[in-house]
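K.L.:
The following file, protein_3.txt, comprises compact mmCIF, C-alpha atoms:
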```txt
# COMPACT_ATOMS: atom_id res chain seq x y z
CA MET A 1 -42.45 -7.58 13.35
CA GLN A 2 -41.72 -7.00 17.01
CA ASP A 3 -38.34 -5.76 18.18
CA ASP A 4 -37.78 -8.91 20.24
CA MET A 5 -38.20 -11.04 17.13
CA ILE A 6 -35.65 -9.00 15.23
CA GLY A 7 -33.59 -8.79 18.39
CA VAL A 8 -32.42 -5.20 18.28
CA GLY A 9 -29.18 -4.83 20.23
CA SER A 10 -29.08 -2.75 23.34
CA VAL A 11 -26.67 -1.52 25.97
CA THR A 12 -27.65 -1.38 29.60
CA ASN A 13 -25.58 0.57 32.13
CA GLY A 14 -22.68 0.69 29.66
CA ALA A 15 -21.25 -2.65 30.66
CA GLN A 16 -23.88 -4.99 29.22
CA VAL A 17 -24.86 -5.52 25.59
CA THR A 18 -27.51 -7.79 24.19
CA VAL A 19 -26.53 -9.68 21.08
CA PRO A 20 -29.75 -9.94 19.05
CA ALA A 21 -30.90 -13.44 18.18
CA VAL A 22 -30.62 -12.62 14.47
CA VAL A 23 -26.89 -11.82 14.95
CA VAL A 24 -25.79 -14.65 17.27
CA ASP A 25 -25.09 -17.23 14.55
CA SER A 26 -23.05 -14.74 12.50
CA LEU A 27 -21.09 -13.75 15.59
CA ARG A 28 -20.44 -17.42 16.40
CA ASN A 29 -19.23 -18.12 12.85
CA SER A 30 -16.90 -15.15 13.07
CA ALA A 31 -15.67 -16.36 16.47
CA TYR A 32 -14.75 -19.71 14.91
CA ALA A 33 -12.80 -17.81 12.24
CA GLU A 34 -10.99 -16.00 15.08
CA VAL A 35 -10.04 -19.38 16.56
CA GLY A 36 -8.48 -20.24 13.20
CA SER A 37 -6.60 -16.93 13.06
CA ALA A 38 -5.17 -17.41 16.54
CA ALA A 39 -4.21 -20.99 15.70
CA GLU A 40 -2.43 -19.83 12.54
CA ALA A 41 -0.53 -17.22 14.54
CA LEU A 42 0.52 -19.86 17.07
CA ASP A 43 1.56 -22.17 14.25
CA THR A 44 3.69 -19.43 12.72
CA VAL A 45 5.43 -18.77 16.04
CA ALA A 46 5.85 -22.48 16.80
CA PHE A 47 7.81 -23.00 13.61
CA SER A 48 9.83 -19.78 13.63
CA ASN A 49 13.60 -20.02 13.94
CA ASP A 50 13.97 -17.91 17.08
CA ARG A 51 11.00 -19.25 19.05
CA GLU A 52 13.13 -20.41 21.99
CA ALA A 53 14.55 -16.92 22.45
CA HIS A 54 11.13 -15.26 22.26
CA PRO A 55 8.49 -16.98 24.40
CA GLU A 56 6.60 -13.66 24.42
CA TRP A 57 5.69 -14.31 20.78
CA PHE A 58 3.33 -17.02 22.00
CA ARG A 59 1.51 -14.85 24.52
CA GLY A 60 -0.54 -12.67 22.15
CA PRO A 61 -2.02 -15.50 20.06
CA ALA A 62 -2.56 -17.62 23.19
CA GLN A 63 -4.36 -14.72 24.90
CA SER A 64 -6.47 -14.19 21.79
CA LEU A 65 -7.42 -17.86 21.79
CA LYS A 66 -8.31 -17.72 25.50
CA GLN A 67 -10.52 -14.66 24.89
CA ILE A 68 -12.33 -16.18 21.91
CA PHE A 69 -12.97 -19.39 23.88
CA ALA A 70 -14.50 -17.23 26.66
CA LEU A 71 -16.69 -15.51 24.06
CA LEU A 72 -17.84 -18.85 22.67
CA ASP A 73 -18.57 -20.03 26.22
CA ALA A 74 -20.73 -16.91 26.68
CA ILE A 75 -22.65 -17.06 23.37
CA GLY A 76 -22.71 -20.84 23.09
CA TRP A 77 -20.58 -23.11 20.96
CA SER A 78 -23.47 -24.48 18.94
CA LYS A 79 -26.59 -23.14 17.27
CA THR A 80 -29.96 -23.16 18.92
CA ASP A 81 -33.19 -23.34 16.97
CA PRO A 82 -34.49 -20.72 17.15
CA PRO A 83 -31.46 -18.64 18.09
CA ASP A 84 -31.61 -16.87 21.43
CA ALA A 85 -30.44 -13.35 22.17
CA VAL A 86 -27.41 -13.32 24.49
CA GLN A 87 -26.48 -10.77 27.14
CA LEU A 88 -22.74 -10.06 27.38
CA ASP A 89 -20.76 -8.11 29.95
CA LEU A 90 -18.18 -5.84 28.33
CA ARG A 91 -16.04 -5.99 31.47
CA GLU A 92 -15.32 -9.69 30.90
CA ASP A 93 -12.12 -11.12 29.38
CA TYR A 94 -13.83 -11.71 26.04
CA CYS A 95 -14.48 -8.01 25.32
CA TRP A 96 -11.69 -7.64 22.75
CA ALA A 97 -12.52 -10.98 21.17
CA LEU A 98 -16.11 -9.74 20.89
CA MET A 99 -14.94 -6.63 19.04
CA ARG A 100 -12.79 -8.69 16.67
CA ALA A 101 -15.63 -11.15 16.06
CA LEU A 102 -18.10 -8.31 15.43
CA GLN A 103 -15.71 -6.81 12.88
CA GLY A 104 -15.32 -10.23 11.26
CA ALA A 105 -19.10 -10.70 11.16
CA ALA A 106 -19.44 -7.29 9.50
CA ASP A 107 -16.78 -8.25 6.94
CA PHE A 108 -18.57 -11.56 6.25
CA ALA A 109 -21.89 -9.70 5.88
CA ASP A 110 -20.35 -7.29 3.37
CA ASP A 111 -18.93 -10.23 1.37
CA ASP A 112 -22.29 -12.07 1.47
CA ASP A 113 -24.17 -9.00 0.25
CA ALA A 114 -21.92 -8.71 -2.78
CA SER A 115 -22.20 -12.39 -3.72
CA GLU A 116 -25.98 -12.68 -3.17
CA THR A 117 -26.83 -9.83 -5.50
CA ALA A 118 -24.99 -11.57 -8.33
CA CYS A 119 -26.90 -14.86 -8.38
CA GLY A 120 -29.95 -16.79 -7.25
CA ASP A 121 -33.69 -17.02 -7.83
CA VAL A 122 -35.22 -13.52 -7.88
CA GLU A 123 -37.94 -14.19 -5.30
CA GLN A 124 -35.63 -16.11 -2.96
CA ARG A 125 -32.90 -13.50 -3.35
CA ASP A 126 -35.34 -10.70 -2.50
CA LEU A 127 -36.52 -12.53 0.64
CA THR A 128 -32.94 -13.26 1.66
CA LEU A 129 -31.91 -9.64 1.14
CA VAL A 130 -34.80 -8.40 3.31
CA HIS A 131 -33.78 -10.81 6.09
CA ASP A 132 -30.11 -9.94 5.63
CA ALA A 133 -30.92 -6.23 5.77
CA GLU A 134 -32.56 -6.77 9.17
CA ALA A 135 -29.61 -8.85 10.39
CA ASP A 136 -27.07 -6.40 8.96
CA GLY A 137 -28.86 -3.47 10.59
CA ALA A 138 -28.92 -5.26 13.93
CA LEU A 139 -25.23 -6.15 13.54
CA TRP A 140 -24.18 -2.56 12.82
CA GLU A 141 -26.30 -1.30 15.71
CA LEU A 142 -24.67 -3.86 18.01
CA ILE A 143 -21.21 -2.79 16.86
CA ALA A 144 -22.03 0.86 17.59
CA ASP A 145 -23.57 -0.01 20.98
CA THR A 146 -20.60 -2.19 21.93
CA ARG A 147 -18.09 0.50 21.00
CA ALA A 148 -20.08 3.06 22.99
CA GLY A 149 -20.14 0.69 25.97
CA VAL A 150 -16.40 0.09 25.77
CA ASP A 151 -15.84 3.86 25.54
CA GLU A 152 -18.00 4.39 28.61
CA ILE A 153 -16.08 1.77 30.57
CA ALA A 154 -12.76 3.30 29.53
CA VAL A 155 -13.89 6.73 30.73
CA GLU A 156 -15.17 5.24 34.02
CA GLU A 157 -11.83 3.54 34.56
CA GLY A 158 -10.16 6.89 34.25
CA ASN A 159 -7.94 6.59 31.25
CA GLY A 160 -10.15 9.06 29.38
CA GLU A 161 -8.87 7.94 25.99
CA GLY A 162 -12.01 6.08 24.96
CA PHE A 163 -12.14 3.13 22.65
CA VAL A 164 -9.21 1.96 20.59
CA LEU A 165 -9.77 -1.28 18.71
CA ASP A 166 -6.67 -3.36 18.13
CA ILE A 167 -7.86 -6.24 16.00
CA ALA A 168 -4.33 -7.57 15.53
CA ALA A 169 -4.27 -9.18 18.99
```
Now that the file is in, can you turn its structure into structure tokens?
P.N.:
Amino acid sequence: MQDDMIGVGSVTNGAQVTVPAVVVDSLRNSAYAEVGSAAEALDTVAFSNDREAHPEWFRGPAQSLKQIFALLDAIGWSKTDPPDAVQLDLREDYCWALMRALQGAADFADDDDASETACGDVEQRDLTLVHDAEADGALWELIADTRAGVDEIAVEEGNGEGFVLDIAA
């Protein structure tokens, strides 16, 4: 199999990452889950007793929602057949949403691996696990490349602290 078919992730000049085609759908699914998380956070704030006294409580979830919408705009809101690799700029507003969605995709992949080994036709399960192993490998490589790119940008911008992922945003 050629690398372009598997869609191995890559970082160019530290600010760009390529989301492999095999990972795009998982990333999109995770992004939709992030939309739900932000909506739940907004719902919680909207019905809290002191909401009028704390408009700042709305800002974090609203910013998260804005970022995840920007990510979905960049990767596409719907599937393509076949999926296409997507180039993303880590300097864009969706960078933190990308990191949260990548973590969510990794969590989903871990959950899927556990459930697939417990059931299913042996031949089909073996084929699925081989495909999933390729996708999982590409996902973990993309996560590492993205973190390295974010670290590089942080150093370039002079804060020197590197990457700190705050997935609670």
K.L.:
Excluding range 105-110 of chain A and any residue of its chain fewer than 3 positions from it, enumerate the residues within 8 Å of it, using only C-alpha atoms, and give them as a PyMOL selection string.
P.N.:
chain A and resi 26-27+29-30+101-102+113-114+136+139-140
K.L.:
If I take CA of Val19 in chain A and CA of Leu142 in chain A, how far is one from the other in Å, to one decimal?
P.N.:
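CA of Val19 in chain A sits 6.8 Å away from CA of Leu142 in chain A.
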K.L.:
Select, from A:Gln87, A:Gln67, A:Thr80, A:Thr146, the residue with the minimum atom-to-atom distance to Ala31 in chain A, counting only C-alpha atoms.
P.N.:
A:Gln67
K.L.:
Name all residues at most 12 Å from Ser37 in chain A (count only C-alpha atoms; drop same-chain ones fewer than 2 positions away) and give them as a PyMOL selection string.
P.N.:
chain A and resi 30-35+39-44+60-62+64-65+68+97+100-101+104+167-169
K.L.:
Given the choices A:Ala70, A:Ala135, A:Ala148, A:Val23, which gets closest to Asp84 in chain A if the distance is worked out from all atoms listed in the file?
P.N.:
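Checking each candidate against Asp84 in chain A, we get A:Val23 as the closest.
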K.L.:
Could you check which of A:Ala138, A:Leu98, A:Leu90, A:Ile75 is closest to Val150 in chain A, using only C-alpha atoms?
P.N.:
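Distance minimum relative to Val150 in chain A lands on A:Leu90.
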K.L.:
Quick one: pull the distance between CA of Gln63 in chain A and CA of Glu141 in chain A, Å, one decimal.
P.N.:
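Rounded to one decimal, the two atoms are 27.3 Å apart.
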K.L.:
Provide the CA of Glu152 in chain A to CA of Glu134 in chain A distance in Å, to one decimal place.
P.N.:
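The value is 26.7 Å.
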K.L.:
I'd like to know which of A:Ala15, A:Ala53, A:Ala133, A:Val24 is closest to Trp77 in chain A, using all atoms listed in the file.
P.N.:
A:Val24
K.L.:
Using only C-alpha atoms for the distances, tell me which of A:Pro82, A:Gly149, A:Pro55, A:Gly158 is nearest to Thr18 in chain A.
P.N.:
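Checking each of A:Pro82, A:Gly149, A:Pro55, A:Gly158 against Thr18 in chain A, counting only C-alpha atoms, the winner is A:Gly149.
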K.L.:
From the list A:Ile153, A:Ile143, A:Val22, A:Val45, which residue is nearest Glu92 in chain A when using all atoms listed in the file?
P.N.:
A:Ile153
